[in-house]
Amino acid sequence: MADVLGTFEQAVLLALARPKTALGKESYGRSVLKEVALRLDREVSAGAVYSTLDRLEQKGLISSKVSAGDAKRSGLPRRYYSIEPEGIRALNNAKAVVDRVWAGVRGPLKEAL
Amino acid sequence: VSPSPFEQQPPQWAQTLLRALLEVRDRDMIAGDLLEEYRERTLSGVRQARSWYVWQVLSFARLRLAPCGMVFRIARLWFLAFAALALGTLRPDAFTPAPGVILFLLCVPGAAVQAAARMSSWGLGVAAAVTTASLIALLTAATVSILHLPHPPLGTLPSLPGIAAIVGGVGALFGLEFGGRSPLTLLAIDRAKSV
């Protein structure tokens, strides 16, 4: 069985799987960065996001293509990411694991028994 | 007040450092993403936008330095094994050639094998071996000086890192056979687990 995705990896993959990210449907690095920060409710480092994207691509969970940039970014190109069927399966698997672990437990848990 | 054309550019040194830290494949894309986000953030405050940009550049520097940290942790582990065996279970004069050489030839390639296997890099394996040998050389110099050992091998100490590079190179080749993951992959896994 493949490794179960970590929380950060799930946040990155979900940023690509959601119909709309913080920047609309433009799933390039900056929009993923903003979406992950929004979902995790904290600033996230670009290094962590891009290295995760790189690794997910190496594992075949996402793919990317390069497109021309515009004046907002001094003409520098963009890399657009899209989630692959294998990535969807990995997300479903990760959610199923969490659901199984929490099955029968009604949250939030009380701190003192 | 709209930012001036000068303020719409992140600090030049940070841009240069960022480009130096990135792989050629990603250089323009990531630099462009950060520039775009920086420019949007300048609308809320140039100072905050600059701080944000510098912080992001440093996050890439941390990624680049991560393999060095892993190399040092592995070298420290093997050095501590050497120190424990040499100082704890052997005689105080364990640094005289025979047992010292045997321990050296166990610990230094050990570090190289572990580092190369863990990070899939021959160079990092050699670096771990050289770092281990350097720590051993320092410990040996301190020990023979403090204990006034009769035959201190001080003259041979500067050559230890060189010897380590050779035996570590061979050890790292074995380490590569065990496979492993790239340093960035390991870092991403660690980061994912810590969230």
# chains A, B, ... in the order shown; residues from 1 in each chain; ligands from 1
call {"tool": "residues_around", "arguments": {"residues": "Phe72 (chain B)", "least_positions_apart": "2", "cutoff": "12 Å", "atoms": "only C-alpha atoms", "output": "NGL selection string"}}
result
:B and (65-70 or 74-80 or 111-112 or 114-115 or 124-135)
call {"tool": "interface_residues", "arguments": {"of": "chain A", "to": "chain B", "cutoff": "7 Å", "atoms": "only C-alpha atoms", "output": "NGL selection string"}}
result
:A and (6-9 or 29-30 or 45-48 or 51-52 or 55 or 72-73 or 76-79)
call {"tool": "select_by_dssp", "arguments": {"residues": "region 8-55 of chain B", "states": "helix (DSSP H, G or I)", "output": "ChimeraX atom specification"}}
result
/B:12-21,24-42,46-55
call {"tool": "closest_residue", "arguments": {"among": "B:Val71, B:Leu138, B:Val46, B:Leu176", "to": "Ser120 (chain B)", "atoms": "only C-alpha atoms"}}
result
B:Leu176
